[in-house]
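A.B. asks: The following block contains the structure, expressed as structure tokens.
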Amino acid sequence: MAEFTTFEHDVLVIGAGGAGLRAAIEASACGCRVGLVCKSLLGKAHTVMAEGGMAAALANVDERDGWRVHFADTMRGGQYLNNWRMAELHAKEAPDRVRELESWGAVFDRTKEGRILQRNFGGHQYPRLAHVGDRTGLEMIRTLQDHGIHQGIDVHMEVTVVTLLKDGQRIAGALGYDRERGRFRLYRAGAVILATGGIGKAFKVTSNSWEYTGDGHALAYDAGADLKDMEFVQFHPTGMVWPLSVRGILVTEGVRGEGGVLRNSEGRRFMFDDIPDLYKNQTADNEEEGWRYVIGDKNARRPPELLTRDHVARCIVREIKAGRGSPHGGVYLDIGWIKEKISNAEEHIKKKLPSMHHQFKQLAGVDITREPMEVGPTTHYVMGGIDVDGDTQMSTVPGLFAAGECAAGLHGANRLGGNSLSDLVVFGKRAGEYAAKFAKEHGQPTVDQGQADDAMRDSLAPFDRAAESGAENPYEIQHTLQDLMQNNVGIVRNEEEMAAALDGIAKLRGRAKHASAHGHREYNPGWHTCVDLNNLLTVAEGVARSALERTESRGAHFREDHPEKVSDWGQWNLILRKGTDGAMQIERRRIAERPAELTTIIEEMK
Amino acid sequence: MTSPTPVSQDSAKHELGAERSVYFRIKRCDGPGKATRWERFKVKVTRGEGANVLACLERIAANPVTADGAKTTPVVWDAGCLEEVCGACTMNVNGKVRQACSCLIDTCAPNDGDEVVLEPMQKFPIVRDLWVDRSRMFETLKRVKAWTPIDGLYATGPGPKETPERQQERYIYSTCMTCGCCLEACPQFQQEPDASKWDTSFVGANAIGQVQLFNEHPTAKELAPERLDAMTAAGGVSECGNAQNCVKVCPKEIPLTDAIAAVGRAATIHGIKRFFQGK
């Protein structure tokens with residue numbers, strides 16, 4: 001059998017973005033020996049790309065804000081499918097986590113009075129997002145990284161985990177390999193925390209980095225944990241569509257907040273064409289009023305470009321499908337037009353949207369102060385994930401915890417902007433604390449050598465297949481899968497297309513059994529892709545299966561064959577589990593009853 | 001209601017132009033301690049498609065054949081965000097250190113047949129090809145104590161007050177993404193294979209910038225004396241040779257020379273104090 005090196009930790013954290021770093025810091029502070037595994041270099045995780053800010057009811061800008069309002073906003077945004085306990089804890093603890101980051105060295109923007117400044121964002125009733133310009137994620141990572149490296153955490157960089165190991169029912173560690181040389185590593189650990197982020201790479205167009213291949217989702221699923229709410233994938237309405245090499249990269253909602261408007265190829269502001277009844281009272285019906293809102297007139301209603309992300313994304317798709325799109329399959333987002341309204345427009349745009357100005361100039365050669373951007377929807381975030389206990393973040397597998405995007409519950413059917421960065425630190429801390437407690441109470445597990453041998457054999461199989469006649473190219477399978485998910489399980493869904501997607505995924509699974517890698521294990525991207533394929537196929541199937549099952553439209557999940565929200569569906573979460581025969585099983589699970597006081601808050605805030 | 005405004009676009013820039021060839025001369029190395037060699041690749045790009053250096057490296061990886069038609073292995077590089085935020089893809093492009101993701105081919109090699117030279121950063125140990133090991137930067141951050149030593153028992157209260165102007169001054173230092181550009185360009189910072197000597201070798205500009213950031217932080221300034229101890233010790237701020245290359249190559253335009261001047265001044269005063277304290 002292949003050789004491996006063994007590492008001993010009390011708590012092993014997989015993923016070094018915001019949630020993983022925060023969890024590792026907490027577990028270490030609890031006196032545990034902590035190992036932190038990441039697929040890339042420390043400090044380069046996907047969290048760095050978050051722009052807008054982190055939501056916390058600090059009430060620095062509007063004193064009417066408080067945890068109750070934040071809780072109610074989060075539940076409304078999630079269409080009440082949320083894990084209410086997580087929404088409650090998140091709203092209560094986010095302010096402490098923000099102040100903690102500040103005390104650790106994060107440089108938040110300030111109010112005139114010297115407090116942390118908070119900005120408006122979709123779905124939040126009051127200005128609530130603590131931010132650092134339009135690069136809040138980078139600030140969070142830098143702060144956590146600086147704090148974390150001083151705590152004696154063992155960081156294992158450039159390592160891919162291929163399987164979780166179990167000791168009976170409980171978790172026992174993980175097996176991975178270093179991406180540089182392909183040498184196996186066995187991590188024995190009393191508790192494991194998954195903080196691996198999302199699944200964006202299952203789609204063709206995504207704002208997510210290459211690391212987002214659903215690793216944590218698939219590792220937990222294969223280890224017997226439940227996945228929840230996988231049908232809810234958030235498509236951000238504005239990603240770059242051109243040039244091709246940057247397709248999918250995010251264009252922040254802040255552009256529209258500063259007065260950016262969406263136009264089709266005829267120059268028409270098509271967002272005025274379709275304003276949902278639910279929002280008619282709060283949405284401007286003419287350009288003039290929309291502009292007054294942008295410049296701070298409290299009596300004006302918001303422009304339709306600032307409707308919810310799912311609705312804006314669908315309107316853009318409609319324009320493109322109707323042949324009114326831009327040359328490269330998007331629509332136009334124009335911020336430069338505000339020069340008709342204000343004299344110093346160019347400086348204003350550069351000051352308010354520095355990263356966007358820089359990003360388009362550097363990556364696309366477009367000056368956004370003069371020219372419109374071409375934008376289209378991009379896969380942005382998965383609300384679904386590993387089903388966890390609201391207080392401890394432990395999954396249905398004892399000793400296996402999850403935090404951040406790979407965990408489900410906080411966001412329900414749709415996530416509000418700004419709630420993900422606070423999610424990372426609130427539940428990263430909790431996962432670290434309870435994982436440390438679990439590891440101390442249960443001691444070190446025993447590792448079954450057979451499980452490690454099987455995992456190593458499976459991982460190396462692609463090399464043996466290189467000489468086979470039916471050998472498959474892993475990149476080709478990956479690209480086919482991405483196209484399939486993009487076209488059939490995207491923003492607008494129907495039964496026929498999703499059924500076809502499930503057939504297609506099953507066929508791709510068959511082909512993936514023949515995926516092959518050439519050469520040797522030392523940095524071999526083809527081999528890495530073979531390993532990622534299993535994860536991508538698992539999450540793709542999970543999304544398609546759940547989306548097919550939910551015969552209604554709610555939040556980010558839109559079915560053209562069931563376009564209405566069905567109130568009964570509001571009682572149910574969809575759970576995925578690996579059956580004994582290896583096939584994916586799906587079941588409805590009724591949402592636990594809310595305590596009366598939380599229901600009262602929701603009713604009061606309606 | 002809506003008055004259609006014609007959509008203005010610089011159409012020449014957004015239409016695909018002619019296909020052309022760009023050559024990549026890449027310094028390759030199979031691993032630590034192994035010999036380096038140059039390989040040349042021909043990559044087809046289309047004017048106006050907006051291809052960057054990384055997109056071309058992907059094309060080479062998909063078809064790893066040199067310009068002479070010899071089969072070779074895919075070139076290895078590191079990348080993360082692809083939007084110049086994370087710094088993972090830092091390398092030397094045509095002799096200048098920068099992020100490869102934001103380097104557009106139409107800008108750096110505008111004509112048919114132009115050549116782009118790619119080399120790994122030289123101040124860090126090589127992993128493979130264009131991929132280097134930058135973990136020493138984290139060791140340096142530990143050495144200069146770029147953190148706040150507080151634990152869960154610390155009560156933040158409502159947090160400190162700070163004016164927006166003051167925040168803006170500190171903010172710029174916090175934009176550092178530990179990409180390594182300033183170290184690559186620095187004549188005083190050298191690759192040091194012996195890790196036991198890292199603690200006495202020149203810290204480099206990014207670490208001095210972080211010292212400035214944390215020394216000005218309302219809570220973290222408690223550790224300022226210890227940071228200045230590191231700055232007055234061997235490899236500290238006085239070893240800066242004032243070449244000012246760091247500030248020229250920093251992709252985030254951090255005023256690193258301002259930090260060096262400020263920390264240098266503080267270190268001198270600190271040294272005199274320590275002298276009279278007999279430490």
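Letters A, B, ... mark the chains of the structure tokens in the order given; residue numbers begin at 1 per chain; ligand numbers begin at 1, in order shown.
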Return as a list of chain:residue names the residues belonging to chain A that are within 6 Å of chain B, counting only C-alpha atoms.
C.D. replies: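 My answer is A:Lys44, A:Trp104, A:Val107, A:Arg110, A:Gly114, A:Arg115, A:Asp146, A:His147, A:Ser209, A:Pro243, A:Ser245, A:Gly267, A:Arg268, A:Gln362, A:Leu363, A:Glu371.
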A.B. asks: Just the selected residues (all heavy atoms), exported as a compact mmCIF listing (two decimals), in the first residue's frame, please.
C.D. replies:
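Result went into part.txt, see below:
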# COMPACT_ATOMS: atom_id res chain seq x y z
N LYS A 44 -5.19 33.14 1.19
CA LYS A 44 -5.67 33.34 -0.18
C LYS A 44 -7.05 32.74 -0.39
O LYS A 44 -7.50 32.58 -1.53
CB LYS A 44 -4.69 32.72 -1.19
CG LYS A 44 -3.23 33.09 -1.00
CD LYS A 44 -2.98 34.58 -1.11
CE LYS A 44 -1.53 34.93 -0.82
NZ LYS A 44 -1.38 36.32 -0.35
N TRP A 104 -8.76 42.93 17.22
CA TRP A 104 -7.65 42.14 16.69
C TRP A 104 -6.92 42.87 15.56
O TRP A 104 -5.96 42.34 15.00
CB TRP A 104 -8.14 40.78 16.18
CG TRP A 104 -8.56 39.85 17.26
CD1 TRP A 104 -8.47 40.05 18.61
CD2 TRP A 104 -9.17 38.56 17.10
NE1 TRP A 104 -8.97 38.97 19.30
CE2 TRP A 104 -9.40 38.04 18.40
CE3 TRP A 104 -9.53 37.79 15.99
CZ2 TRP A 104 -9.97 36.78 18.61
CZ3 TRP A 104 -10.10 36.54 16.21
CH2 TRP A 104 -10.32 36.04 17.49
N VAL A 107 -9.48 47.27 10.34
CA VAL A 107 -9.61 48.73 10.24
C VAL A 107 -10.94 49.07 9.56
O VAL A 107 -10.98 49.35 8.38
CB VAL A 107 -8.44 49.32 9.41
CG1 VAL A 107 -8.43 50.84 9.50
CG2 VAL A 107 -7.11 48.77 9.89
N ARG A 110 -15.23 54.44 9.48
CA ARG A 110 -15.78 55.08 10.68
C ARG A 110 -16.93 56.05 10.38
O ARG A 110 -16.99 56.64 9.30
CB ARG A 110 -14.69 55.89 11.41
CG ARG A 110 -13.36 55.24 11.54
CD ARG A 110 -13.39 53.90 12.20
NE ARG A 110 -13.74 53.91 13.61
CZ ARG A 110 -13.65 52.83 14.39
NH1 ARG A 110 -13.23 51.68 13.89
NH2 ARG A 110 -14.00 52.89 15.64
N GLY A 114 -16.72 58.59 15.10
CA GLY A 114 -15.61 57.71 15.40
C GLY A 114 -15.99 56.26 15.66
O GLY A 114 -15.14 55.44 16.02
N ARG A 115 -17.28 55.92 15.47
CA ARG A 115 -17.70 54.53 15.63
C ARG A 115 -17.57 53.79 14.30
O ARG A 115 -17.35 54.41 13.26
CB ARG A 115 -19.17 54.48 16.10
CG ARG A 115 -19.40 55.08 17.47
CD ARG A 115 -18.90 54.15 18.53
NE ARG A 115 -19.01 54.77 19.85
CZ ARG A 115 -18.15 54.55 20.83
NH1 ARG A 115 -17.11 53.77 20.64
NH2 ARG A 115 -18.31 55.11 21.99
N ASP A 146 -3.35 37.01 10.72
CA ASP A 146 -2.34 37.57 11.62
C ASP A 146 -2.54 37.05 13.03
O ASP A 146 -1.59 36.72 13.73
CB ASP A 146 -2.42 39.11 11.62
CG ASP A 146 -1.85 39.72 10.35
OD1 ASP A 146 -1.27 38.96 9.55
OD2 ASP A 146 -1.98 40.94 10.15
N HIS A 147 -3.79 36.97 13.47
CA HIS A 147 -4.07 36.50 14.82
C HIS A 147 -3.77 35.00 14.93
O HIS A 147 -3.15 34.55 15.89
CB HIS A 147 -5.53 36.77 15.17
CG HIS A 147 -5.76 36.85 16.64
ND1 HIS A 147 -5.43 37.94 17.39
CD2 HIS A 147 -6.28 35.94 17.52
CE1 HIS A 147 -5.73 37.72 18.66
NE2 HIS A 147 -6.24 36.52 18.76
N SER A 209 -13.99 30.99 -6.47
CA SER A 209 -12.63 30.64 -6.86
C SER A 209 -12.53 29.14 -7.17
O SER A 209 -13.45 28.38 -6.89
CB SER A 209 -11.63 31.02 -5.77
OG SER A 209 -11.53 29.99 -4.81
N PRO A 243 -14.19 40.40 -20.48
CA PRO A 243 -13.72 39.35 -21.38
C PRO A 243 -13.92 37.94 -20.82
O PRO A 243 -14.15 37.78 -19.63
CB PRO A 243 -12.22 39.64 -21.50
CG PRO A 243 -11.92 40.82 -20.68
CD PRO A 243 -13.12 41.21 -19.92
N SER A 245 -12.02 35.55 -20.08
CA SER A 245 -11.14 35.01 -19.04
C SER A 245 -11.56 35.45 -17.65
O SER A 245 -11.07 34.93 -16.67
CB SER A 245 -9.69 35.40 -19.31
OG SER A 245 -9.60 36.79 -19.55
N GLY A 267 -31.33 50.21 -24.99
CA GLY A 267 -31.11 51.35 -24.13
C GLY A 267 -32.20 51.54 -23.09
O GLY A 267 -32.24 52.53 -22.38
N ARG A 268 -33.10 50.55 -22.97
CA ARG A 268 -34.25 50.68 -22.09
C ARG A 268 -33.93 50.15 -20.69
O ARG A 268 -33.31 49.11 -20.53
CB ARG A 268 -35.40 49.86 -22.69
CG ARG A 268 -36.68 49.90 -21.93
CD ARG A 268 -37.75 49.08 -22.66
NE ARG A 268 -38.91 48.91 -21.82
CZ ARG A 268 -39.81 49.88 -21.59
NH1 ARG A 268 -39.64 51.05 -22.16
NH2 ARG A 268 -40.83 49.67 -20.79
N GLN A 362 -8.29 47.11 -14.98
CA GLN A 362 -7.19 46.14 -15.06
C GLN A 362 -7.56 44.91 -15.87
O GLN A 362 -6.77 44.44 -16.68
CB GLN A 362 -6.81 45.67 -13.65
CG GLN A 362 -6.02 46.68 -12.84
CD GLN A 362 -4.56 46.73 -13.27
OE1 GLN A 362 -4.07 45.84 -13.94
NE2 GLN A 362 -3.88 47.79 -12.90
N LEU A 363 -8.76 44.37 -15.61
CA LEU A 363 -9.08 43.05 -16.17
C LEU A 363 -9.80 43.14 -17.51
O LEU A 363 -9.76 42.21 -18.29
CB LEU A 363 -9.94 42.24 -15.19
CG LEU A 363 -9.37 42.03 -13.79
CD1 LEU A 363 -10.32 41.21 -12.95
CD2 LEU A 363 -8.01 41.34 -13.84
N GLU A 371 -17.82 54.20 -19.68
CA GLU A 371 -18.48 53.17 -20.51
C GLU A 371 -19.33 52.27 -19.63
O GLU A 371 -18.98 52.01 -18.48
CB GLU A 371 -17.42 52.28 -21.18
CG GLU A 371 -16.47 53.01 -22.08
CD GLU A 371 -15.25 52.14 -22.36
OE1 GLU A 371 -15.32 51.37 -23.32
OE2 GLU A 371 -14.26 52.24 -21.63
A.B. asks: Using DSSP on the backbone coordinates, identify all residues within segment 11-258 of chain B classified as strand (DSSP E or B); present the result as a PyMOL selection string.
C.D. replies: chain B and resi 19-29+36-46+52+65+71+90-93+96-99+104+115-119+126-128+131-132
A.B. asks: Provide the atom CA of Gly105 of chain A to atom CA of Lys221 of chain B distance in Å, to one decimal place.
C.D. replies: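 Going from atom CA of Gly105 of chain A over to atom CA of Lys221 of chain B covers 10.2 Å.
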A.B. asks: Excluding Tyr212 of chain A and any residue of its chain fewer than 3 positions from it, enumerate the residues within 8 Å of it, using only C-alpha atoms, and give them as a PDB file with C-alpha atoms, in the first residue's frame.
C.D. replies:
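File produced: result18.pdb:
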ATOM      1  CA  THR A 196     -14.636  24.370   2.946  1.00  0.00           C
ATOM      2  CA  GLY A 197     -17.014  26.953   1.469  1.00  0.00           C
ATOM      3  CA  GLY A 198     -19.278  26.470  -1.497  1.00  0.00           C
ATOM      4  CA  ILE A 199     -19.982  24.618  -4.715  1.00  0.00           C
ATOM      5  CA  GLY A 200     -19.752  27.326  -7.407  1.00  0.00           C
ATOM      6  CA  LYS A 201     -17.462  25.278  -9.632  1.00  0.00           C
ATOM      7  CA  ASN A 208     -16.320  31.502  -6.856  1.00  0.00           C
ATOM      8  CA  SER A 209     -12.626  30.639  -6.864  1.00  0.00           C
ATOM      9  CA  ASP A 215     -15.403  19.278  -0.950  1.00  0.00           C
TER      10      ASP A 215
END
A.B. asks: Hey, can you check how far atom CA of Pro237 of chain A sits from atom CA of Phe203 of chain A?
C.D. replies: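 Spanning atom CA of Pro237 of chain A to atom CA of Phe203 of chain A is a straight-line distance of 14.9 Å.
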A.B. asks: What is the atom CA of Lys96 of chain B-atom CA of Ala243 of chain B distance in Å, reported with one decimal?
C.D. replies: 15.8 Å
A.B. asks: Show which residues sit within 7 Å of Thr46 of chain B, as a list in words. Count only C-alpha atoms, and ignore same-chain residues fewer than 2 positions away.
C.D. replies: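 What passes the distance filter is Leu16, Gly17, Ala18, Glu19, Arg20, Lys44, Gly48 and Glu49 of chain B.
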